[in-house]
Amino acid sequence: MKESYYNMQQNQETPVLLDIRSVSNLIPKPSTKARWYQSGKYLKYIAREEATQGISFTNEEIILLGKAKKEANKKYQELFLHHELLEQSNSISKEQCETLKATAYKDYYSTLNQITSTKEFHTGVFDLNGELTKKQLYAKEKSFNKIKDEQLVWSGVLSFSKEFMDEHQIHSGEDFQKIISKNLKEFMALNGFNHKNLETVFSFHKNTDNTHFHFAFFEKYPTKYNKQTQQAEYRKEYMLNKDSLRNFENSIAFDIQNQHVNYDDIFQSRDDLRNSFKTTHHNNKEILQDLIHSLPAIDKKLFKRLKILKQVKLNNPEVSFGNKKISSKLRTDLYNISDFYLKNNPETQEKYAMFLRACEKNSELELELFWNGYSKSSNVIDELKGLTFEEIKKRTKLSNDELIWDAKFDLSNPIEYLKFKRHDFYFRNILSKNEDNEFEGVIPSIANALLEDIDEISIPKENNSSSKLNRFISNNYNNSFDYEKWKQNQLNYVVNKALDKAKADAQYTANRLQMLIDQNKQKQLTHFK
């Protein structure tokens, strides 16, 4: 059985998913194409030496090639603009352009050949972990040989135009693998796959006018449970989400176009926040408890969730933010507690505000970079064509309901899709899932630190009556200071510490001065004697 999707419009700005299909020897009927995968012929086809990108370059070589290519482009522009035919008839044929390009790029190709002549050629075939050795490629072929008739195999081809690759060359197989691997994992997740359960291969081919890559994946073992037969089965749903296909194209284009964008500002802001949090790390329990017992510090509904979190921690001391034993609702509550903690702890509130502003600034930057490529692709609808980025920025502004880490968007709606990308850019360093489906960002690390002490915190009983809750706090926390006073105490502590240091420095200077005076007097007395 084959299910194919075609994008027939080749475009200079974005890669195009020419074909993606699923084949099986059983679902819903036998397919001769399935034998191509089972026999290992597909793997041999994508691994053939004349097609694969089996060379790795050092950073120095990439820089050298980049400079040579820049000079070649400049030379080509000069030759083109001053060509006699262009001056006479204001036109020039494609063949003549190719001749000019060959002349301009002569030194570049000479440099490229000089570097590659000493290179060792590799297999040029990758999986999600990196390039395969010959031994690993042989093992991968054996995995293909073991594909059962009832198994589905998904494969595809993504093509890049010559103009796109001329502008955004990737000389390093390692860099290419990172970009494709990252986006394949996201593509798999959007289609309900766990990439760890999949056998995956892909290969980068430059043997045609249009650079392209082949990829294929299939389940390593049955992942679905059939209640009727009480047996584990392979996935039978061969259709893939069409919105995920469009996102796959756009995300790869974005990562290639912006592989050298500098994100130092947001990384510095993130590190400053983490360092400020560490200054009060040993007081987390006291600070968090004061927050919990400061009405209306947090929503009273969270008291019940906190109680459940405390019980989960007592039963599972090693529990963490990403642990499966924590439900998505509890995880959201834990996110809200961490967010509230960072916003109200005087040691972190300023750095956290700066970090969130940096995230917003970064989301706008990345959205603009994404829009620059997406707006020129065949995926953008007529309604959005011609819009400036400022107009797109206004139409994709996230509402308060959308500015939550687990917000949902309709990817089939063009504006919703752009909101989805903006949301992803915003939360990338706050809270997101990495390629291995693990939580990362500032919030998980803060939440895990707070979880360390949550089982030792006294939590009020949930009650709708605020007076009973106030009596509980009054009876049990007579000696605990008011949170506002606590913040003032923290401020006073910083001020007093600075004053004490200034006083100590002044005293030290005075003592040194007195010592010099006494020494001088002693010298004078000795001289007099």
# chains A, B, ... in the order shown; residues from 1 in each chain; ligands from 1
$ residues_around --residues "region 267-273 of chain A" --least-positions-apart "4" --cutoff "7 Å" --atoms "only C-alpha atoms" --output "list in words"
Tyr263, Phe277, Thr348, Lys351, Tyr352, Met354 and Phe355 of chain A
$ closest_residue --among "A:Arg246, A:Lys185, A:Lys304, A:His205" --to "Thr52 (chain A)" --atoms "only C-alpha atoms"
A:His205
$ select_by_dssp --residues "region 63-162 of chain A" --states "strand (DSSP E)" --output "list in words"
Val125, Phe126, Asp127, Gly130, Glu131, Val153, Trp154, Ser155, Gly156, Val157, Leu158 and Ser159 of chain A
$ closest_residue --among "A:Ile326, A:Ala34, A:Leu112, A:Leu132" --to "Ala47 (chain A)" --atoms "only C-alpha atoms"
A:Leu132
$ residues_around --residues "region 255-260 of chain A" --least-positions-apart "5" --cutoff "9 Å" --atoms "only C-alpha atoms" --output "VMD selection string"
chain A and resid 167 to 170 175 to 176 179 183 250 366 369 to 370 373
$ residues_around --residues "Ile457 (chain A)" --least-positions-apart "5" --cutoff "9 Å" --atoms "only C-alpha atoms" --output "ChimeraX atom specification"
/A:285-286,288-289,310
$ atom_distance --atom1 "CA of Lys220 (chain A)" --atom2 "CA of Tyr234 (chain A)"
9.1 Å
$ residues_around --residues "Lys419 (chain A)" --least-positions-apart "6" --cutoff "12 Å" --atoms "only C-alpha atoms" --output "ChimeraX atom specification"
/A:363-364,367,370-371,392-399,402-403,407-413,425-426
$ closest_residue --among "A:Glu347, A:Glu368, A:Glu199, A:Glu237" --to "Asn129 (chain A)" --atoms "only C-alpha atoms"
A:Glu199
$ residues_around --residues "Leu79 (chain A)" --least-positions-apart "6" --cutoff "10 Å" --atoms "only C-alpha atoms" --output "mmCIF file with N, CA and C atoms, in the first residue's frame"
data_model
loop_
_atom_site.group_PDB
_atom_site.id
_atom_site.type_symbol
_atom_site.label_atom_id
_atom_site.label_comp_id
_atom_site.auth_asym_id
_atom_site.auth_seq_id
_atom_site.Cartn_x
_atom_site.Cartn_y
_atom_site.Cartn_z
ATOM 1 N N ASN A 73 31.186 34.630 -5.661
ATOM 2 C CA ASN A 73 29.907 35.320 -5.894
ATOM 3 C C ASN A 73 30.131 36.766 -6.336
ATOM 4 N N CYS A 97 25.295 32.495 -18.792
ATOM 5 C CA CYS A 97 25.383 32.684 -17.327
ATOM 6 C C CYS A 97 26.198 31.563 -16.690
ATOM 7 N N LEU A 100 29.857 32.144 -17.359
ATOM 8 C CA LEU A 100 30.370 33.182 -16.457
ATOM 9 C C LEU A 100 30.578 32.625 -15.048
ATOM 10 N N LYS A 101 29.630 31.813 -14.601
ATOM 11 C CA LYS A 101 29.720 31.241 -13.246
ATOM 12 C C LYS A 101 30.910 30.295 -13.140
ATOM 13 N N THR A 103 33.669 30.473 -14.784
ATOM 14 C CA THR A 103 34.878 31.304 -14.723
ATOM 15 C C THR A 103 35.055 31.903 -13.333
ATOM 16 N N ALA A 104 33.960 32.431 -12.784
ATOM 17 C CA ALA A 104 34.023 33.087 -11.463
ATOM 18 C C ALA A 104 34.332 32.102 -10.340
#
$ closest_residue --among "A:Val201, A:Ile180, A:Leu64, A:Asp127" --to "Lys44 (chain A)" --atoms "only C-alpha atoms"
A:Val201
$ select_by_dssp --residues "region 80-288 of chain A" --states "helix (DSSP H, G or I)" --output "NGL selection string"
:A and (80-81 or 84-89 or 94-104 or 106-116 or 134-145 or 162-167 or 173-190 or 195-197 or 242-257 or 264-278 or 281-288)
$ atom_distance --atom1 "CA of Glu78 (chain A)" --atom2 "CA of Asp166 (chain A)"
17.5 Å
$ closest_residue --among "A:Arg48, A:Glu141, A:Ser93, A:Ser328" --to "Lys206 (chain A)" --atoms "only C-alpha atoms"
A:Arg48
